[in-house]
>>> print(open('protein-v6.cif').read())   # mmCIF, C-alpha atoms and all ligand atoms
data_protein
loop_
_atom_site.group_PDB
_atom_site.id
_atom_site.type_symbol
_atom_site.label_atom_id
_atom_site.label_comp_id
_atom_site.auth_asym_id
_atom_site.auth_seq_id
_atom_site.Cartn_x
_atom_site.Cartn_y
_atom_site.Cartn_z
ATOM 1 C CA MET A 63 125.292 71.966 39.897
ATOM 2 C CA ALA A 64 124.314 69.341 42.449
ATOM 3 C CA ASP A 65 127.765 69.604 44.047
ATOM 4 C CA ASP A 66 126.701 72.846 45.748
ATOM 5 C CA ASP A 67 124.571 70.772 48.116
ATOM 6 C CA VAL A 68 127.445 68.561 49.272
ATOM 7 C CA THR A 69 128.957 69.683 52.597
ATOM 8 C CA LEU A 70 132.505 68.699 53.539
ATOM 9 C CA TYR A 71 132.708 68.469 57.335
ATOM 10 C CA GLY A 72 136.116 68.507 59.024
ATOM 11 C CA GLY A 73 139.426 68.911 57.252
ATOM 12 C CA LEU A 74 142.443 66.903 56.204
ATOM 13 C CA LYS A 75 144.075 65.435 59.318
ATOM 14 C CA ASP A 76 147.690 66.289 58.510
ATOM 15 C CA LYS A 77 149.065 64.549 61.602
ATOM 16 C CA LEU A 78 147.264 61.320 60.760
ATOM 17 C CA VAL A 79 148.499 61.480 57.177
ATOM 18 C CA ASP A 80 152.061 62.196 58.398
ATOM 19 C CA SER A 81 152.064 59.283 60.814
ATOM 20 C CA LYS A 82 150.661 56.843 58.265
ATOM 21 C CA GLN A 83 153.325 57.993 55.816
ATOM 22 C CA LYS A 84 155.929 57.362 58.495
ATOM 23 C CA TRP A 85 154.579 53.852 59.048
ATOM 24 C CA ALA A 86 155.172 53.203 55.359
ATOM 25 C CA GLU A 87 158.742 54.550 55.543
ATOM 26 C CA GLU A 88 159.498 52.422 58.596
ATOM 27 C CA GLY A 89 157.762 49.338 57.218
ATOM 28 C CA ARG A 90 155.719 49.103 60.405
ATOM 29 C CA LEU A 91 153.629 45.975 61.089
ATOM 30 C CA LEU A 92 155.475 43.965 58.440
ATOM 31 C CA THR A 93 155.960 40.329 59.369
ATOM 32 C CA GLY A 94 157.705 39.389 56.129
ATOM 33 C CA LYS A 95 155.340 36.444 55.772
ATOM 34 C CA THR A 96 152.943 35.443 53.053
ATOM 35 C CA ALA A 97 149.932 33.172 53.360
ATOM 36 C CA PRO A 98 147.851 31.293 50.816
ATOM 37 C CA PRO A 99 144.438 32.881 50.161
ATOM 38 C CA SER A 100 142.952 29.660 51.590
ATOM 39 C CA GLU A 101 144.101 30.941 54.988
ATOM 40 C CA ARG A 102 141.375 33.265 56.176
ATOM 41 C CA LEU A 103 143.525 35.657 58.240
ATOM 42 C CA PRO A 104 146.312 37.300 56.175
ATOM 43 C CA PRO A 105 149.799 37.642 57.771
ATOM 44 C CA GLY A 106 150.187 40.298 60.468
ATOM 45 C CA GLN A 107 146.419 40.821 60.842
ATOM 46 C CA ARG A 108 144.289 40.415 63.965
ATOM 47 C CA GLN A 109 140.575 39.841 64.043
ATOM 48 C CA VAL A 110 138.319 42.532 65.529
ATOM 49 C CA GLU A 111 134.604 42.514 66.307
ATOM 50 C CA THR A 112 134.020 46.251 65.959
ATOM 51 C CA TRP A 113 134.189 48.215 62.715
ATOM 52 C CA PRO A 114 136.809 50.981 63.052
ATOM 53 C CA VAL A 115 136.371 54.251 61.125
ATOM 54 C CA LEU A 116 139.337 55.432 59.036
ATOM 55 C CA ASP A 117 139.414 58.388 56.702
ATOM 56 C CA LEU A 118 141.282 61.606 55.984
ATOM 57 C CA GLY A 119 139.137 63.599 58.402
ATOM 58 C CA ILE A 120 136.825 65.035 55.765
ATOM 59 C CA LYS A 121 133.334 63.573 56.034
ATOM 60 C CA PRO A 122 131.064 64.603 53.189
ATOM 61 C CA GLU A 123 127.339 64.951 53.767
ATOM 62 C CA ILE A 124 125.710 64.132 50.447
ATOM 63 C CA PRO A 125 121.945 64.676 50.341
ATOM 64 C CA ILE A 126 120.272 62.029 48.196
ATOM 65 C CA HIS A 127 118.907 64.625 45.740
ATOM 66 C CA ALA A 128 122.443 65.899 45.093
ATOM 67 C CA TRP A 129 124.096 62.472 44.880
ATOM 68 C CA ARG A 130 125.491 61.468 41.496
ATOM 69 C CA LEU A 131 127.682 58.604 40.386
ATOM 70 C CA PHE A 132 129.728 59.315 37.266
ATOM 71 C CA VAL A 133 131.017 56.229 35.461
ATOM 72 C CA ASP A 134 133.187 57.229 32.551
ATOM 73 C CA GLY A 135 136.573 57.190 30.846
ATOM 74 C CA GLU A 136 137.515 54.295 28.588
ATOM 75 C CA VAL A 137 133.971 52.880 28.196
ATOM 76 C CA GLU A 138 131.469 52.498 25.344
ATOM 77 C CA ALA A 139 128.535 53.839 27.356
ATOM 78 C CA PRO A 140 129.410 56.372 30.081
ATOM 79 C CA VAL A 141 126.609 57.084 32.577
ATOM 80 C CA THR A 142 125.731 59.614 35.234
ATOM 81 C CA LEU A 143 123.363 57.994 37.697
ATOM 82 C CA LYS A 144 121.028 59.627 40.191
ATOM 83 C CA TRP A 145 120.278 57.739 43.418
ATOM 84 C CA ASP A 146 116.973 56.236 42.199
ATOM 85 C CA GLU A 147 118.589 55.151 38.960
ATOM 86 C CA PHE A 148 121.426 53.471 40.813
ATOM 87 C CA ARG A 149 118.987 51.739 43.156
ATOM 88 C CA ALA A 150 117.081 50.390 40.152
ATOM 89 C CA LEU A 151 120.111 48.373 38.962
ATOM 90 C CA PRO A 152 120.135 44.628 39.675
ATOM 91 C CA ARG A 153 120.970 44.145 43.352
ATOM 92 C CA THR A 154 123.055 41.558 45.163
ATOM 93 C CA ALA A 155 123.876 40.657 48.776
ATOM 94 C CA LEU A 156 127.282 39.218 49.679
ATOM 95 C CA MET A 157 129.187 38.308 52.841
ATOM 96 C CA THR A 158 132.900 39.208 52.805
ATOM 97 C CA ASP A 159 135.850 39.948 55.109
ATOM 98 C CA ILE A 160 137.633 43.283 55.587
ATOM 99 C CA HIS A 161 141.437 43.525 55.893
ATOM 100 C CA CYS A 162 142.778 46.972 56.801
ATOM 101 C CA VAL A 163 146.471 47.780 56.377
ATOM 102 C CA THR A 164 146.525 49.021 59.997
ATOM 103 C CA ALA A 165 146.272 45.285 60.870
ATOM 104 C CA TRP A 166 142.619 44.762 61.765
ATOM 105 C CA SER A 167 140.435 42.275 59.951
ATOM 106 C CA ARG A 168 136.685 41.996 60.336
ATOM 107 C CA TYR A 169 134.950 38.814 59.210
ATOM 108 C CA ASP A 170 131.481 38.278 57.736
ATOM 109 C CA ASN A 171 130.308 41.708 56.670
ATOM 110 C CA LYS A 172 127.045 41.481 54.796
ATOM 111 C CA TRP A 173 126.926 44.003 51.981
ATOM 112 C CA GLU A 174 123.980 44.872 49.783
ATOM 113 C CA GLY A 175 124.243 46.841 46.597
ATOM 114 C CA VAL A 176 125.283 46.429 42.993
ATOM 115 C CA THR A 177 128.159 44.209 41.897
ATOM 116 C CA ALA A 178 131.049 45.696 39.956
ATOM 117 C CA ARG A 179 130.184 43.157 37.282
ATOM 118 C CA ALA A 180 126.684 44.612 36.884
ATOM 119 C CA LEU A 181 128.160 48.097 36.517
ATOM 120 C CA ILE A 182 130.726 46.848 34.006
ATOM 121 C CA ALA A 183 127.917 45.247 31.965
ATOM 122 C CA LEU A 184 126.168 48.631 31.929
ATOM 123 C CA VAL A 185 129.066 50.827 30.774
ATOM 124 C CA LYS A 186 131.006 48.305 28.656
ATOM 125 C CA PRO A 187 134.717 49.076 29.145
ATOM 126 C CA LYS A 188 136.695 49.224 25.910
ATOM 127 C CA ALA A 189 139.388 46.594 25.328
ATOM 128 C CA SER A 190 141.941 49.367 25.998
ATOM 129 C CA ALA A 191 140.700 49.896 29.587
ATOM 130 C CA GLN A 192 143.147 48.326 32.051
ATOM 131 C CA HIS A 193 142.714 50.319 35.257
ATOM 132 C CA VAL A 194 139.919 51.682 37.410
ATOM 133 C CA ILE A 195 140.343 54.924 39.335
ATOM 134 C CA PHE A 196 137.947 55.786 42.159
ATOM 135 C CA HIS A 197 137.231 59.443 42.942
ATOM 136 C CA SER A 198 135.375 60.247 46.149
ATOM 137 C CA TYR A 199 133.358 63.182 47.457
ATOM 138 C CA ASP A 200 136.045 63.885 50.107
ATOM 139 C CA THR A 201 138.693 64.242 47.303
ATOM 140 C CA TYR A 202 140.181 60.792 48.124
ATOM 141 C CA LYS A 203 141.395 58.725 45.186
ATOM 142 C CA THR A 204 142.526 55.130 44.817
ATOM 143 C CA ASN A 205 143.314 52.781 41.931
ATOM 144 C CA VAL A 206 142.941 49.080 41.079
ATOM 145 C CA PRO A 207 143.532 46.978 37.978
ATOM 146 C CA LEU A 208 140.306 46.444 36.013
ATOM 147 C CA ALA A 209 140.717 42.672 36.489
ATOM 148 C CA ASP A 210 140.477 43.165 40.261
ATOM 149 C CA PHE A 211 137.493 45.492 40.035
ATOM 150 C CA ALA A 212 135.831 42.825 37.880
ATOM 151 C CA ALA A 213 136.251 40.095 40.533
ATOM 152 C CA GLU A 214 132.955 38.447 41.464
ATOM 153 C CA ASP A 215 132.988 39.666 45.078
ATOM 154 C CA VAL A 216 133.436 43.398 44.365
ATOM 155 C CA MET A 217 130.452 45.576 45.256
ATOM 156 C CA LEU A 218 129.136 49.097 45.269
ATOM 157 C CA ALA A 219 127.382 48.841 48.577
ATOM 158 C CA TRP A 220 124.668 50.916 50.261
ATOM 159 C CA SER A 221 123.978 48.561 53.135
ATOM 160 C CA TRP A 222 126.034 46.756 55.807
ATOM 161 C CA ASN A 223 124.601 44.021 58.036
ATOM 162 C CA GLY A 224 121.083 45.062 57.136
ATOM 163 C CA GLU A 225 121.453 48.799 57.793
ATOM 164 C CA PRO A 226 122.172 51.642 55.356
ATOM 165 C CA ILE A 227 125.911 52.396 55.425
ATOM 166 C CA GLY A 228 126.304 55.415 57.715
ATOM 167 C CA ARG A 229 128.100 58.562 56.688
ATOM 168 C CA GLU A 230 131.187 57.668 58.764
ATOM 169 C CA HIS A 231 131.636 54.441 56.766
ATOM 170 C CA GLY A 232 131.166 56.052 53.360
ATOM 171 C CA GLY A 233 127.408 56.165 52.856
ATOM 172 C CA PRO A 234 125.322 56.575 50.865
ATOM 173 C CA LEU A 235 127.529 54.415 48.616
ATOM 174 C CA ARG A 236 130.994 52.925 48.948
ATOM 175 C CA VAL A 237 133.189 50.500 47.057
ATOM 176 C CA VAL A 238 134.033 47.129 48.659
ATOM 177 C CA ILE A 239 136.987 45.112 47.288
ATOM 178 C CA PRO A 240 137.465 42.234 49.737
ATOM 179 C CA LYS A 241 140.668 40.742 48.295
ATOM 180 C CA LEU A 242 142.730 43.930 48.625
ATOM 181 C CA TYR A 243 143.580 46.037 51.690
ATOM 182 C CA PHE A 244 140.629 48.186 52.662
ATOM 183 C CA TRP A 245 142.190 51.503 51.598
ATOM 184 C CA LYS A 246 141.301 50.372 48.036
ATOM 185 C CA SER A 247 137.607 50.378 49.016
ATOM 186 C CA ALA A 248 136.671 54.004 48.381
ATOM 187 C CA LYS A 249 134.068 55.525 50.690
ATOM 188 C CA TRP A 250 131.623 58.223 49.415
ATOM 189 C CA ILE A 251 132.220 57.164 45.836
ATOM 190 C CA LYS A 252 131.504 59.861 43.255
ATOM 191 C CA ARG A 253 133.237 58.815 40.067
ATOM 192 C CA ILE A 254 134.471 55.507 38.687
ATOM 193 C CA GLU A 255 136.925 56.164 35.899
ATOM 194 C CA PHE A 256 138.036 53.424 33.527
ATOM 195 C CA SER A 257 141.497 54.188 32.184
ATOM 196 C CA VAL A 258 144.192 53.001 29.809
ATOM 197 C CA PHE A 259 146.772 54.243 32.308
ATOM 198 C CA ASP A 260 147.253 53.580 35.975
ATOM 199 C CA LYS A 261 146.844 56.604 38.285
ATOM 200 C CA PRO A 262 148.137 55.984 41.811
ATOM 201 C CA GLY A 263 145.834 57.567 44.403
ATOM 202 C CA PHE A 264 146.121 59.247 47.816
ATOM 203 C CA TRP A 265 147.929 56.496 49.753
ATOM 204 C CA GLU A 266 149.655 54.982 46.725
ATOM 205 C CA THR A 267 151.548 58.268 46.292
ATOM 206 C CA ARG A 268 152.404 58.338 50.028
ATOM 207 C CA GLY A 269 154.380 55.132 50.424
ATOM 208 C CA TYR A 270 151.607 52.553 50.245
ATOM 209 C CA HIS A 271 151.697 49.643 47.813
ATOM 210 C CA ASN A 272 150.171 50.215 44.403
ATOM 211 C CA TYR A 273 148.343 46.863 44.457
ATOM 212 C CA GLY A 274 147.849 45.962 48.149
ATOM 213 C CA ASP A 275 147.389 42.180 48.363
ATOM 214 C CA PRO A 276 146.944 41.303 52.086
ATOM 215 C CA TRP A 277 148.076 37.677 51.652
ATOM 216 C CA ARG A 278 151.378 38.832 50.157
ATOM 217 C CA GLU A 279 151.506 41.549 52.806
ATOM 218 C CA GLN A 280 151.795 44.332 50.230
ATOM 219 C CA ARG A 281 151.390 47.122 52.757
ATOM 220 C CA TYR A 282 154.044 49.525 51.488
ATOM 221 C CA ASP A 283 155.646 50.208 48.163
ATOM 222 C CA GLU A 284 159.079 48.668 48.794
ATOM 223 C CA GLU A 285 157.565 45.197 48.540
ATOM 224 C CA ASP A 286 156.562 43.672 45.275
HETATM 225 N N1 LIG B 301 136.735 58.373 50.269
HETATM 226 C C1 LIG B 301 137.540 57.743 51.099
HETATM 227 N N2 LIG B 301 137.593 56.416 51.054
HETATM 228 C C2 LIG B 301 138.408 55.728 51.888
HETATM 229 C C3 LIG B 301 139.243 56.405 52.803
HETATM 230 C C4 LIG B 301 139.167 57.830 52.817
HETATM 231 O O1 LIG B 301 139.868 58.523 53.588
HETATM 232 N N3 LIG B 301 138.307 58.460 51.959
HETATM 233 N N4 LIG B 301 140.076 55.697 53.638
HETATM 234 C C5 LIG B 301 140.396 54.331 53.220
HETATM 235 C C6 LIG B 301 141.011 53.579 54.300
HETATM 236 S S1 LIG B 301 142.632 53.920 54.637
HETATM 237 C C7 LIG B 301 140.350 52.558 54.928
HETATM 238 S S2 LIG B 301 141.136 51.528 56.022
HETATM 239 C C8 LIG B 301 138.888 52.328 54.724
HETATM 240 C C9 LIG B 301 138.180 52.477 56.036
HETATM 241 O O2 LIG B 301 136.801 52.273 55.908
HETATM 242 P P1 LIG B 301 135.922 52.353 57.222
HETATM 243 O O3 LIG B 301 136.121 53.697 57.850
HETATM 244 O O4 LIG B 301 134.516 52.122 56.795
HETATM 245 O O5 LIG B 301 136.427 51.242 58.130
HETATM 246 O O6 LIG B 301 138.349 53.244 53.806
HETATM 247 C C10 LIG B 301 139.176 53.568 52.721
HETATM 248 N N5 LIG B 301 138.414 54.386 51.815
HETATM 249 MO MO MO B 302 143.384 52.159 56.016
#
>>> encode(input="protein-v6.cif", output="structure tokens")
Amino acid sequence: MADDDVTLYGGLKDKLVDSKQKWAEEGRLLTGKTAPPSERLPPGQRQVETWPVLDLGIKPEIPIHAWRLFVDGEVEAPVTLKWDEFRALPRTALMTDIHCVTAWSRYDNKWEGVTARALIALVKPKASAQHVIFHSYDTYKTNVPLADFAAEDVMLAWSWNGEPIGREHGGPLRVVIPKLYFWKSAKWIKRIEFSVFDKPGFWETRGYHNYGDPWREQRYDEED
């Protein structure tokens, strides 16, 4: 099994998880405002020039020979892709903004990779598929409605601003969903599961909003 070659460096940062859970309980950073999507900076966010690193503390090292992407669940044509097979899919480059729930936004990130739409065309979700669940090599999980995964600006990206995405930012391959808070953009993606049912992930079961629209400031689960 290729998994034997994946090394998980570090360990779950319990203190970080505890404090982020506390933020959710306290409703920290909430401004109570909404903004139209035509406004570039969502409420309560500030623009940064750097690209902060946020994760659970577990950083997987996935050698290219051991890398697999499983795309399965409620689809007509499930696939398991090796790196070369993934890289042979039609490729796209896109410039999008990042909005993290911890209140930083980073404009104009140039991603290269495969669009969610290209992947959807490959596996053909059944009409019964309504949700997409991301499973990552570090055990992280997160969930989005299929309609949001199918948005035109959603990517499975291997490159950022012309460079391969480094391990700290989720390389070799990560999800990028610009219109939702960045915790929905799974790093080190391993499995994309199409599902009839919703399956709240790591942060969604720890006080964070199930949907996470930055313009409606859906940081935590007491908002709708
Ligand atoms: N696999 C995985 N993906 C993840 C996370 C994680 O811990 N593991 N953290 C999420 C959170 S909370 C954020 S804000 C972004 C951070 O991405 P970055 O470190 O590249 O800025 O990744 C998201 N995707
Ligand atoms: Mo985050």
>>> resolve_selection(input="protein-v6.cif", expression="the PyMOL selection byres (((not hetatm)) within 8 of (chain B and resi 302))", output="count of residues only")
8
>>> axis_aligned_box(input="protein-v6.cif", around="ligand LIG 301 (chain B)", padding_each_side="3 Å", output="JSON")
{"center_x": 138.6, "center_y": 54.9, "center_z": 54.2, "size_x": 14.1, "size_y": 13.3, "size_z": 13.9}
>>> resolve_selection(input="protein-v6.cif", expression="the PyMOL selection byres (((chain A and resi 153) around 10) and not hetatm)", output="ChimeraX atom specification")
/A:148-152,154-155,174-177,180,217-219
>>> residues_around(input="protein-v6.cif", residues="segment 124-133 of chain A", least_positions_apart="2", cutoff="8 Å", atoms="all atoms listed in the file", output="tab-separated table (two decimals) with C-alpha atoms, in the coordinates of the input")
chain	number	residue	atom	x	y	z
A	64	ALA	CA	124.31	69.34	42.45
A	65	ASP	CA	127.76	69.60	44.05
A	67	ASP	CA	124.57	70.77	48.12
A	68	VAL	CA	127.44	68.56	49.27
A	69	THR	CA	128.96	69.68	52.60
A	122	PRO	CA	131.06	64.60	53.19
A	135	GLY	CA	136.57	57.19	30.85
A	140	PRO	CA	129.41	56.37	30.08
A	141	VAL	CA	126.61	57.08	32.58
A	142	THR	CA	125.73	59.61	35.23
A	143	LEU	CA	123.36	57.99	37.70
A	144	LYS	CA	121.03	59.63	40.19
A	145	TRP	CA	120.28	57.74	43.42
A	185	VAL	CA	129.07	50.83	30.77
A	234	PRO	CA	125.32	56.58	50.86
A	251	ILE	CA	132.22	57.16	45.84
A	252	LYS	CA	131.50	59.86	43.26
A	253	ARG	CA	133.24	58.82	40.07
A	254	ILE	CA	134.47	55.51	38.69
A	255	GLU	CA	136.93	56.16	35.90
A	256	PHE	CA	138.04	53.42	33.53
>>> resolve_selection(input="protein-v6.cif", expression="the PyMOL selection byres (((not hetatm)) within 6 of (chain B and resi 301))", output="MDAnalysis selection string")
chainID A and resid 113:118 162 198 200 202 231 244:245 247:250
